[in-house]
Each structure stands twice: as structure tokens, then as C-alpha cells.
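S.K.: Provided herewith is a single structure, encoded as C-alpha cells, for subsequent inquiry.
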Amino acid sequence: MPKSRIRKKKDTYAPPEKRTPTKIDMGGRRWVAPLMLAMFVIGLAWIVVYYVTQADLPVESLGNWNIVVGFGFIALGFVVSTQWK
């Protein structure tokens with residue numbers, strides 16, 4: 001059986017480029033994550049307090065609208081999260 005030809009590879013080896021680590025710029029938005037988490041926690045706490053106190057707290061005159069207020073805080077948390085980079 002005939003022997004196949006062996007392909008020669010080029011001996012050009014380029015050394016890897018030296019890279020310097022770059023610092024990630026937060027863009028001055030360090031307030032986004034704490035505010036987002038605060039909105040989530042406040043909304044959740046509002047709803048939990050409403051159910052635990054059987055509609056006496058946080059604001060008795062709002063009635064079932066307390067749930068809407070709690071979900072409003074949670075929605076605000078999601079709105080703020082769009083600013084996170």
C-alpha cells in the first residue's frame with residue numbers, strides 16, 4: 001500500500017500578547033443593587049405584615065389595597081433592576 005504524504009506545519013509561533021487586567025467601571029451605579037433589594041424586601045414585608053396582622057397593619061384604611069402597595073414596591077424593584085450593569 002502506498003504511503004501518504006505528510007503535511008508540514010508552518011513553524012510560525014507568535015508569543016501570546018501580554019494583557020494587562022482592566023478594572024471594570026461600575027459607571028457610578030453602585031446604588032442600584034441595594035435599592036433594588038430594599039424595594040423587594042419592603043414589598044415582601046408589607047404583604048407579610050398585612051397578612052400576619054389580619055389587615056390591621058400597615059395601613060388599615062387601605063384594606064386589600066395593601067397588597068397592591070406591596071406589589072408596587074416589588075415592581076419598583078424590578079424597574080430599578082433595569083439600571084443595573
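Numbering starts fresh at 1 for the residues of each chain in the C-alpha cells, the chains themselves are lettered A, B, ... in the order given, and ligands are numbered from 1 as they appear.
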Just list as a PyMOL selection string whatever in chain A DSSP marks as alpha helix (DSSP H).
M.R.: chain A and resi 32-52+65-81
S.K.: Please produce an output containing N, CA and C atoms for each residue in the selection, written as a short mmCIF file (atom, residue, chain, number, x, y, z; two decimals), in the first residue's frame.
M.R.:
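The result, written out as out-v2.cif:
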```
data_model
loop_
_atom_site.label_atom_id
_atom_site.label_comp_id
_atom_site.auth_asym_id
_atom_site.auth_seq_id
_atom_site.Cartn_x
_atom_site.Cartn_y
_atom_site.Cartn_z
N VAL A 32 -27.71 50.92 42.73
CA VAL A 32 -28.81 50.18 42.12
C VAL A 32 -29.13 48.89 42.87
N ALA A 33 -28.11 48.07 43.14
CA ALA A 33 -28.36 46.78 43.79
C ALA A 33 -28.95 46.95 45.19
N PRO A 34 -28.39 47.82 46.04
CA PRO A 34 -29.01 47.98 47.36
C PRO A 34 -30.45 48.50 47.30
N LEU A 35 -30.71 49.45 46.41
CA LEU A 35 -32.07 49.98 46.28
C LEU A 35 -33.03 48.93 45.76
N MET A 36 -32.59 48.14 44.78
CA MET A 36 -33.43 47.08 44.23
C MET A 36 -33.79 46.06 45.31
N LEU A 37 -32.79 45.63 46.06
CA LEU A 37 -33.06 44.66 47.13
C LEU A 37 -33.94 45.26 48.22
N ALA A 38 -33.74 46.54 48.52
CA ALA A 38 -34.56 47.20 49.53
C ALA A 38 -36.03 47.25 49.08
N MET A 39 -36.27 47.54 47.81
CA MET A 39 -37.65 47.58 47.30
C MET A 39 -38.29 46.19 47.38
N PHE A 40 -37.53 45.16 47.04
CA PHE A 40 -38.07 43.80 47.13
C PHE A 40 -38.43 43.45 48.57
N VAL A 41 -37.53 43.76 49.49
CA VAL A 41 -37.75 43.41 50.90
C VAL A 41 -38.91 44.21 51.48
N ILE A 42 -38.98 45.50 51.17
CA ILE A 42 -40.07 46.33 51.68
C ILE A 42 -41.42 45.82 51.16
N GLY A 43 -41.48 45.50 49.86
CA GLY A 43 -42.73 44.99 49.29
C GLY A 43 -43.15 43.67 49.92
N LEU A 44 -42.18 42.78 50.09
CA LEU A 44 -42.49 41.49 50.70
C LEU A 44 -42.92 41.66 52.15
N ALA A 45 -42.19 42.51 52.87
CA ALA A 45 -42.53 42.75 54.28
C ALA A 45 -43.92 43.39 54.41
N TRP A 46 -44.25 44.30 53.51
CA TRP A 46 -45.57 44.96 53.54
C TRP A 46 -46.68 43.92 53.41
N ILE A 47 -46.53 43.01 52.46
CA ILE A 47 -47.55 41.99 52.24
C ILE A 47 -47.61 41.02 53.42
N VAL A 48 -46.45 40.61 53.92
CA VAL A 48 -46.43 39.67 55.05
C VAL A 48 -47.05 40.30 56.29
N VAL A 49 -46.72 41.55 56.58
CA VAL A 49 -47.30 42.23 57.75
C VAL A 49 -48.81 42.36 57.58
N TYR A 50 -49.26 42.63 56.38
CA TYR A 50 -50.70 42.74 56.13
C TYR A 50 -51.42 41.43 56.45
N TYR A 51 -50.84 40.32 56.00
CA TYR A 51 -51.48 39.02 56.26
C TYR A 51 -51.35 38.58 57.70
N VAL A 52 -50.20 38.81 58.32
CA VAL A 52 -49.98 38.35 59.69
C VAL A 52 -50.88 39.10 60.67
N TRP A 65 -56.06 46.99 49.38
CA TRP A 65 -55.10 47.73 48.56
C TRP A 65 -53.68 47.65 49.12
N ASN A 66 -53.55 47.20 50.35
CA ASN A 66 -52.22 46.98 50.92
C ASN A 66 -51.43 45.96 50.09
N ILE A 67 -52.12 44.99 49.52
CA ILE A 67 -51.45 44.01 48.67
C ILE A 67 -50.92 44.70 47.41
N VAL A 68 -51.69 45.60 46.85
CA VAL A 68 -51.26 46.34 45.65
C VAL A 68 -50.05 47.20 45.98
N VAL A 69 -50.05 47.82 47.16
CA VAL A 69 -48.91 48.64 47.58
C VAL A 69 -47.66 47.76 47.70
N GLY A 70 -47.81 46.59 48.30
CA GLY A 70 -46.67 45.68 48.43
C GLY A 70 -46.13 45.25 47.07
N PHE A 71 -47.03 44.87 46.17
CA PHE A 71 -46.58 44.50 44.83
C PHE A 71 -46.04 45.71 44.07
N GLY A 72 -46.50 46.89 44.40
CA GLY A 72 -45.95 48.11 43.79
C GLY A 72 -44.49 48.30 44.16
N PHE A 73 -44.15 48.06 45.43
CA PHE A 73 -42.75 48.14 45.84
C PHE A 73 -41.92 47.08 45.12
N ILE A 74 -42.46 45.89 44.98
CA ILE A 74 -41.73 44.83 44.27
C ILE A 74 -41.54 45.21 42.79
N ALA A 75 -42.58 45.79 42.18
CA ALA A 75 -42.47 46.23 40.79
C ALA A 75 -41.43 47.33 40.67
N LEU A 76 -41.38 48.24 41.65
CA LEU A 76 -40.34 49.28 41.63
C LEU A 76 -38.96 48.66 41.69
N GLY A 77 -38.81 47.58 42.45
CA GLY A 77 -37.54 46.87 42.50
C GLY A 77 -37.14 46.36 41.13
N PHE A 78 -38.12 45.82 40.38
CA PHE A 78 -37.81 45.36 39.02
C PHE A 78 -37.48 46.51 38.08
N VAL A 79 -38.15 47.63 38.24
CA VAL A 79 -37.85 48.80 37.42
C VAL A 79 -36.43 49.29 37.70
N VAL A 80 -36.05 49.34 38.97
CA VAL A 80 -34.71 49.77 39.32
C VAL A 80 -33.67 48.77 38.80
N SER A 81 -34.03 47.49 38.76
CA SER A 81 -33.07 46.48 38.30
C SER A 81 -32.68 46.67 36.84
#
```
S.K.: So how many Å separate CA of Lys85 (chain A) and CA of Arg19 (chain A), to one decimal?
M.R.: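 Taking CA of Lys85 (chain A) and CA of Arg19 (chain A), their separation equals 23.8 Å.
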S.K.: Enter the distance from CA of Trp31 (chain A) to CA of Pro58 (chain A), in Å, rounded to one decimal.
M.R.: 26.7 Å
S.K.: Rounded to one decimal in Å, what is the spacing between CA of Thr20 (chain A) and CA of Gln83 (chain A)?
M.R.: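 So the two atoms, CA of Thr20 (chain A) and CA of Gln83 (chain A), lie 28.5 Å apart.
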S.K.: Using only C-alpha atoms, can you tell me which of A:Ser61, A:Pro16, A:Trp84, A:Met1 comes closest to Gly28 (chain A)?
M.R.: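 Among the listed residues, the smallest separation from Gly28 (chain A) belongs to A:Trp84.
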